[in-house]
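Engineer: Sharing start.txt below, compact mmCIF, C-alpha atoms:
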# COMPACT_ATOMS: atom_id res chain seq x y z
CA MET A 1 -5.84 22.96 54.93
CA THR A 2 -2.71 20.94 55.44
CA SER A 3 0.56 20.61 53.63
CA THR A 4 0.73 17.91 51.00
CA GLY A 5 4.33 17.16 51.89
CA PHE A 6 6.11 18.55 48.86
CA ASP A 7 8.78 21.24 48.74
CA ASP A 8 7.72 24.29 46.73
CA ASP A 9 10.50 23.70 44.18
CA ALA A 10 9.18 20.19 43.49
CA ARG A 11 5.52 21.06 43.04
CA LEU A 12 5.83 21.64 39.31
CA ARG A 13 6.52 18.24 37.84
CA PRO A 14 7.91 17.37 34.40
CA LEU A 15 5.29 16.88 31.74
CA ALA A 16 5.00 13.40 30.31
CA ALA A 17 5.87 13.39 26.63
CA GLY A 18 2.53 11.94 25.52
CA ARG A 19 1.38 14.05 22.62
CA GLY A 20 4.37 15.46 20.78
CA PRO A 21 5.47 19.00 21.55
CA LEU A 22 4.33 21.90 19.40
CA LEU A 23 7.93 23.05 19.04
CA GLU A 24 11.37 23.09 20.59
CA ARG A 25 13.12 26.44 20.80
CA GLY A 26 15.90 28.08 22.76
CA GLY A 27 16.30 25.24 25.25
CA HIS A 28 12.53 24.99 25.81
CA VAL A 29 9.87 22.50 24.80
CA VAL A 30 6.37 23.81 24.12
CA TYR A 31 3.18 21.79 24.59
CA THR A 32 -0.43 22.69 23.93
CA ALA A 33 -3.70 21.92 25.70
CA ARG A 34 -2.44 20.46 28.98
CA ARG A 35 -4.48 20.26 32.15
CA LEU A 36 -3.19 22.28 35.09
CA GLY A 37 -3.41 19.11 37.20
CA GLU A 38 -0.80 17.46 34.94
CA LEU A 39 1.73 20.11 35.94
CA VAL A 40 1.33 19.94 39.71
CA SER A 41 2.35 17.22 42.17
CA GLY A 42 -0.68 17.13 44.44
CA ARG A 43 -2.80 19.79 46.07
CA PRO A 44 -0.57 22.62 47.32
CA PRO A 45 -0.92 24.17 50.78
CA GLY A 46 -3.33 27.07 50.99
CA VAL A 47 -5.54 25.70 48.22
CA THR A 48 -8.92 24.26 49.14
CA GLY A 49 -10.12 20.93 47.83
CA HIS A 50 -12.77 22.68 45.72
CA GLN A 51 -10.20 25.03 44.21
CA TRP A 52 -7.87 22.15 43.45
CA ASN A 53 -10.53 19.91 41.92
CA THR A 54 -11.86 22.71 39.72
CA ALA A 55 -8.54 24.25 38.69
CA GLY A 56 -6.86 20.89 38.12
CA ARG A 57 -9.29 20.10 35.32
CA ALA A 58 -8.69 23.44 33.56
CA THR A 59 -6.76 23.40 30.29
CA LEU A 60 -3.74 25.61 29.74
CA ASP A 61 -3.48 26.48 26.05
CA VAL A 62 0.33 26.69 25.87
CA VAL A 63 2.83 25.27 28.37
CA VAL A 64 6.52 26.10 27.97
CA CYS A 65 8.87 23.67 29.72
CA ASP A 66 12.59 23.61 30.41
CA GLY A 67 14.14 21.43 27.73
CA ALA A 68 16.54 19.75 30.16
CA THR A 69 14.26 18.98 33.10
CA GLY A 70 10.82 18.99 31.46
CA ARG A 71 9.46 21.15 34.26
CA PRO A 72 6.98 23.88 33.31
CA VAL A 73 8.46 27.39 33.13
CA PHE A 74 5.40 29.40 32.14
CA ALA A 75 1.99 29.00 30.54
CA VAL A 76 -0.20 31.07 28.23
CA GLU A 77 -4.00 31.18 28.30
CA PHE A 78 -6.23 32.60 25.57
CA THR A 79 -9.64 33.73 26.79
CA SER A 80 -12.73 35.31 25.27
CA PRO A 81 -13.95 38.78 26.24
CA VAL A 82 -17.32 37.25 27.12
CA ALA A 83 -16.97 35.49 30.46
CA THR A 84 -19.75 34.34 32.76
CA PRO A 85 -19.45 34.86 36.54
CA GLU A 86 -18.75 31.13 36.83
CA ALA A 87 -15.93 31.35 34.29
CA ARG A 88 -14.39 34.26 36.20
CA ARG A 89 -14.55 32.27 39.46
CA GLU A 90 -12.79 29.38 37.76
CA MET A 91 -10.09 31.76 36.53
CA ARG A 92 -9.52 32.92 40.10
CA MET A 93 -9.20 29.29 41.21
CA ARG A 94 -6.63 28.63 38.49
CA ASP A 95 -4.77 31.75 39.56
CA ALA A 96 -4.74 30.55 43.19
CA VAL A 97 -3.26 27.17 42.23
CA SER A 98 -0.71 28.70 39.84
CA ALA A 99 0.39 31.17 42.51
CA ALA A 100 0.71 28.41 45.11
CA VAL A 101 3.14 26.45 42.92
CA GLY A 102 4.97 29.44 41.43
CA LEU A 103 3.81 28.89 37.85
CA GLU A 104 4.13 31.99 35.69
CA VAL A 105 1.03 32.63 33.56
CA LEU A 106 0.27 35.12 30.80
CA ARG A 107 -3.46 35.46 30.09
CA ILE A 108 -4.49 36.98 26.75
CA GLN A 109 -8.09 38.08 26.31
CA SER A 110 -9.10 38.67 22.71
CA ALA A 111 -12.10 38.16 20.47
CA THR A 112 -9.80 37.21 17.58
CA LEU A 113 -6.55 35.67 18.84
CA ARG A 114 -6.80 31.93 19.49
CA PRO A 115 -4.31 29.25 20.60
CA GLY A 116 -4.58 27.22 17.38
CA PRO A 117 -3.52 29.82 14.83
CA HIS A 118 -1.59 32.12 17.19
CA GLY A 119 -0.23 30.05 20.09
CA ARG A 120 2.96 28.99 18.32
CA ARG A 121 3.97 32.52 17.28
CA VAL A 122 3.24 33.91 20.74
CA ALA A 123 5.27 31.14 22.40
CA GLU A 124 8.23 31.73 20.08
CA TYR A 125 8.13 35.45 20.75
CA LEU A 126 7.97 35.08 24.53
CA ILE A 127 10.81 32.53 24.62
CA ASP A 128 13.03 34.76 22.49
CA ALA A 129 12.18 37.88 24.51
CA ARG A 130 12.92 36.17 27.83
CA ARG A 131 16.25 34.80 26.57
CA TYR A 132 17.24 38.26 25.34
CA ALA A 133 16.27 39.91 28.64
CA ALA A 134 18.18 37.27 30.62
CA GLY A 135 21.32 38.08 28.65
CA LEU A 136 21.26 41.83 29.25
CA PRO A 137 23.88 43.18 31.68
CA GLU A 138 22.62 44.53 34.97
CA GLN A 139 22.62 48.33 35.20
CA ASP A 140 23.43 49.72 38.63
CA ASP A 141 23.62 53.32 37.44
CA PRO A 142 20.23 54.64 36.28
CA ALA A 143 21.99 57.52 34.53
CA ALA A 144 24.04 55.15 32.37
CA GLU A 145 23.01 54.41 28.81
CA GLN A 146 20.47 51.60 28.84
CA PRO A 147 20.83 48.61 26.50
CA VAL A 148 18.41 48.28 23.61
CA GLY A 149 15.33 46.33 24.62
CA PHE A 150 14.07 43.32 22.67
CA ARG A 151 11.08 45.22 21.30
CA ASP A 152 13.30 48.08 20.06
CA ILE A 153 15.85 46.11 18.02
CA VAL A 154 15.92 47.62 14.53
CA GLY A 155 16.23 45.55 11.38
CA ARG A 156 14.60 44.90 8.02
CA LEU A 157 10.79 44.69 8.12
CA PRO A 158 8.57 42.53 5.85
CA ASP A 159 7.88 45.52 3.58
CA GLY A 160 11.59 46.25 3.12
CA ARG A 161 11.78 49.23 5.44
CA ASP A 162 13.95 49.40 8.53
CA GLY A 163 12.10 49.29 11.84
CA PRO A 164 11.53 47.32 15.07
CA VAL A 165 11.76 43.70 13.95
CA ASN A 166 10.32 42.39 17.21
CA ASP A 167 7.03 44.22 16.82
CA LEU A 168 4.47 41.41 16.72
CA GLY A 169 2.24 43.70 14.65
CA ALA A 170 4.83 44.44 11.94
CA ILE A 171 3.34 41.96 9.45
CA ALA A 172 -0.15 43.34 10.07
CA ARG A 173 1.05 46.91 9.51
CA ALA A 174 2.59 45.87 6.18
CA ALA A 175 -0.62 44.04 5.28
CA ALA A 176 -2.61 47.21 5.92
CA VAL A 177 -0.47 49.09 3.41
CA GLU A 178 -1.00 46.33 0.85
CA ALA A 179 -4.76 46.39 1.49
CA TYR A 180 -4.76 50.16 1.01
CA VAL A 181 -2.96 49.82 -2.33
CA ALA A 182 -5.60 47.22 -3.30
CA ARG A 183 -8.29 49.79 -2.35
CA GLN A 184 -9.63 47.66 0.47
CA LEU A 185 -8.91 50.38 3.04
CA VAL A 186 -9.25 54.15 2.99
CA ASP A 187 -6.23 54.63 5.28
CA PRO A 188 -3.07 52.46 5.36
CA ILE A 189 -2.09 53.33 8.94
CA VAL A 190 -2.98 51.03 11.85
CA ARG A 191 -3.50 53.31 14.82
CA GLY A 192 -3.76 52.37 18.46
CA LEU A 193 -3.34 53.00 22.13
CA HIS A 194 -2.26 51.02 25.14
CA VAL A 195 -3.29 51.32 28.75
CA ARG A 196 -1.75 50.04 31.95
CA TRP A 197 -4.01 49.84 35.00
CA THR A 198 -2.81 49.71 38.58
CA ASN A 199 -4.84 46.55 39.21
CA GLY A 200 -2.24 44.70 37.15
CA SER A 201 -4.08 44.39 33.85
CA THR A 202 -3.07 46.06 30.61
CA GLU A 203 -4.94 46.54 27.38
CA GLY A 204 -4.12 47.40 23.81
CA TRP A 205 -6.41 48.86 21.17
CA ALA A 206 -5.78 48.94 17.43
CA TRP A 207 -7.88 50.20 14.56
CA VAL A 208 -7.74 50.88 10.84
CA GLU A 209 -10.24 52.78 8.69
CA VAL A 210 -11.82 50.39 6.20
CA ARG A 211 -14.71 52.48 4.90
CA PRO A 212 -14.98 56.27 5.15
CA GLY A 213 -15.79 56.96 8.81
CA ARG A 214 -15.93 53.26 9.75
CA CYS A 215 -13.12 51.34 11.43
CA LEU A 216 -12.02 47.81 12.12
CA VAL A 217 -11.24 47.74 15.87
CA GLU A 218 -9.47 45.16 18.05
CA ARG A 219 -8.92 45.20 21.80
CA VAL A 220 -6.61 42.85 23.72
CA LEU A 221 -6.29 42.59 27.50
CA LEU A 222 -3.31 41.01 29.26
CA TRP A 223 -2.78 39.77 32.80
CA GLU A 224 0.76 38.88 33.86
CA HIS A 225 0.66 36.51 36.84
CA ARG A 226 4.28 36.48 38.09
CA PHE A 227 5.20 36.55 34.39
CA SER A 228 7.65 38.81 32.60
CA CYS A 229 9.31 38.59 29.20
CA GLY A 230 11.26 41.85 29.34
CA VAL A 231 8.80 43.65 27.05
CA ASP A 232 6.50 46.19 28.67
CA ALA A 233 3.09 44.54 29.01
CA ALA A 234 1.22 47.57 27.68
CA ARG A 235 3.33 47.61 24.51
CA LEU A 236 2.87 43.85 24.17
CA ALA A 237 -0.90 44.25 24.46
CA GLY A 238 -0.83 46.96 21.80
CA ASP A 239 1.23 44.80 19.45
CA LEU A 240 -1.12 41.86 19.96
CA ALA A 241 -4.09 44.09 19.13
CA VAL A 242 -2.38 45.03 15.85
CA THR A 243 -1.76 41.32 15.23
CA ALA A 244 -5.49 40.75 15.65
CA ILE A 245 -6.16 43.50 13.10
CA GLY A 246 -3.91 41.63 10.67
CA GLU A 247 -5.95 38.47 11.20
CA ARG A 248 -9.12 40.39 10.37
CA LEU A 249 -7.55 41.98 7.29
CA ARG A 250 -6.90 38.52 5.85
CA GLN A 251 -10.65 37.94 5.89
CA LEU A 252 -11.62 41.07 3.95
CA ASP A 253 -11.87 39.17 0.65
CA THR A 254 -14.36 36.63 2.03
CA ASP A 255 -16.20 38.26 4.94
CA GLU A 256 -17.78 41.66 5.39
CA PRO A 257 -16.12 42.97 8.56
CA ASP A 258 -18.01 44.24 11.58
CA LEU A 259 -17.02 47.92 11.56
CA VAL A 260 -17.28 50.57 14.27
CA PRO A 261 -18.29 54.13 13.37
CA ARG A 262 -15.31 56.40 13.84
CA ILE A 263 -17.42 58.72 15.98
CA ASP A 264 -18.20 55.83 18.38
CA LEU A 265 -14.52 54.90 18.53
CA GLY A 266 -13.73 58.52 19.33
CA ARG A 267 -16.21 58.44 22.21
CA ASP A 268 -14.55 55.31 23.59
CA VAL A 269 -11.14 56.97 23.43
CA ASP A 270 -12.56 60.08 25.09
CA ARG A 271 -13.92 57.92 27.90
CA LEU A 272 -10.44 56.55 28.48
CA ARG A 273 -9.07 60.08 28.57
CA SER A 274 -11.76 61.07 31.05
CA ARG A 275 -10.96 58.12 33.24
CA ARG A 276 -7.31 59.10 33.09
CA ASP A 277 -8.19 62.56 34.38
CA GLU A 278 -10.53 61.23 37.07
CA MET A 279 -7.94 58.77 38.34
CA ALA A 280 -5.01 61.18 38.13
CA HIS A 281 -4.41 60.90 41.87
CA GLY A 282 -3.97 57.31 41.89
CA PHE A 283 -6.41 54.56 42.28
CA ASP A 284 -7.10 52.56 39.14
CA PHE A 285 -5.22 54.35 36.37
CA ASP A 286 -1.54 54.30 35.73
CA HIS A 287 -0.60 54.93 32.11
CA LEU A 288 -2.17 55.82 28.77
CA THR A 289 -0.28 56.22 25.51
CA PHE A 290 -1.76 57.05 22.12
CA ASP A 291 0.20 56.15 18.99
What does the file become when written as structure tokens?
Structural biologist:
Amino acid sequence: MTSTGFDDDARLRPLAAGRGPLLERGGHVVYTARRLGELVSGRPPGVTGHQWNTAGRATLDVVVCDGATGRPVFAVEFTSPVATPEARREMRMRDAVSAAVGLEVLRIQSATLRPGPHGRRVAEYLIDARRYAAGLPEQDDPAAEQPVGFRDIVGRLPDGRDGPVNDLGAIARAAAVEAYVARQLVDPIVRGLHVRWTNGSTEGWAWVEVRPGRCLVERVLLWEHRFSCGVDAARLAGDLAVTAIGERLRQLDTDEPDLVPRIDLGRDVDRLRSRRDEMAHGFDFDHLTFD
């Protein structure tokens, strides 16, 4: 494997305008459905020809570019929980190419969240969160009072209450209350948990009781490849799971939801607790929070 003759800083090339951007926000331009090969100036060192040929054809669902230079800043992928061994190999090839050129990638695995209906909102949120984090003063003294994080900014919520306005699941939580008032749910509270694993992945679970003893459940996994938006990934995964619940709640009038017995959900949560205890000394488990 030989060098292709490009400096690392020049490997990510400006995207051609082509199809119009999805949106412009905060000094960034957002595109959808762009091939990874469009972003990269030739095969990078350390990447085999097979990896490059396969990964270059892969489509990135959302690509956020610097508004001044047009160069990609980060990308977002939406994937399905059902992945064949071949699909997982292709993901690893994409990860190898992205790492070689320094492209930040956030991968979202969900059975419900999709780039079409959700890509714009996710892109807006990530751009705003990164801008906010970039503007925070550096804290050299860990004992000093820490500035309020993006996710914890308090303001007026959609239901009129005060709360964290940058909770991606806020609209879904309000929708659950409305569905409860309309007697579509037996409990208005969206509950959940989030998990951070030491292998770098995080996951968020959310559920709401629709029928007595039967729950609507969503699970979202995140992988941050060199990516950060200033919001803890586990909390972000949990908020996205609640967002997915909100998407499902909108379908209650037309579709009978696929519900999970509460006793089965309890067993799944117990398995997570057991894994927490088994991994207490370190290997795969890092953090588990129940809300």
Engineer: Rank A:Val82, A:Val165, A:Val177, A:Leu36 by their smallest atom-to-atom distance to Val105 (chain A), using all atoms listed in the file, and report the top residue only.
Structural biologist: A:Leu36
Engineer: Need the shell around Leu157 (chain A): protein/DNA/RNA residues with any atom at most 10 Å away, counting only C-alpha atoms. Skip same-chain ones fewer than 6 positions apart. Format as a ChimeraX atom specification?
Structural biologist: /A:163-167,170-171,174
Engineer: Using only C-alpha atoms, which of the listed residues (A:Val181, A:Leu221, A:Val195, A:Val210) sits closest to Arg275 (chain A)?
Structural biologist: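 Closest to Arg275 (chain A) of all the choices is A:Val195.
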Engineer: What is the distance between CA of Leu23 (chain A) and CA of Pro44 (chain A), in Å to one decimal?
Structural biologist: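 Result for CA of Leu23 (chain A) versus CA of Pro44 (chain A): 29.5 Å, one decimal.
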Engineer: Work out how far CA of Glu218 (chain A) is from CA of Ala237 (chain A), in Å to one decimal.
Structural biologist: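 Separation between CA of Ala237 (chain A) and CA of Glu218 (chain A): 10.7 Å.
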Engineer: Kindly give the distance, in Å, that separates CA of Asp255 (chain A) and CA of Asp159 (chain A), rounded to a single decimal.
Structural biologist: 25.2 Å
Engineer: Which residues are near Ala75 (chain A)? Cut-off 9 Å, all atoms listed in the file, ignore same chain within fewer than 3 positions. Put them as a PDB file with C-alpha atoms, in the frame of the given file.
Structural biologist:
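File out17.pdb, as written:
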ATOM      1  CA  LEU A  60      -3.740  25.610  29.740  1.00  0.00           C
ATOM      2  CA  ASP A  61      -3.480  26.480  26.050  1.00  0.00           C
ATOM      3  CA  VAL A  62       0.330  26.690  25.870  1.00  0.00           C
ATOM      4  CA  VAL A  63       2.830  25.270  28.370  1.00  0.00           C
ATOM      5  CA  VAL A  64       6.520  26.100  27.970  1.00  0.00           C
ATOM      6  CA  CYS A  65       8.870  23.670  29.720  1.00  0.00           C
ATOM      7  CA  PRO A  72       6.980  23.880  33.310  1.00  0.00           C
ATOM      8  CA  LEU A 103       3.810  28.890  37.850  1.00  0.00           C
ATOM      9  CA  GLU A 104       4.130  31.990  35.690  1.00  0.00           C
ATOM     10  CA  VAL A 105       1.030  32.630  33.560  1.00  0.00           C
ATOM     11  CA  LEU A 106       0.270  35.120  30.800  1.00  0.00           C
ATOM     12  CA  ARG A 107      -3.460  35.460  30.090  1.00  0.00           C
TER      13      ARG A 107
END
Engineer: With all atoms listed in the file as the atoms that count, which of A:Leu185, A:Ala134, A:Val260, A:Cys215 lies nearest to Val231 (chain A)?
Structural biologist: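 Ranked by minimum distance to Val231 (chain A), first place goes to A:Ala134.
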Engineer: Point out the residue among A:Ala241, A:Ala182, A:Ala55, A:Leu126 with the least atom-to-atom distance to Arg89 (chain A), counting only C-alpha atoms.
Structural biologist: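 Among A:Ala241, A:Ala182, A:Ala55, A:Leu126, it is A:Ala55 that comes nearest to Arg89 (chain A).
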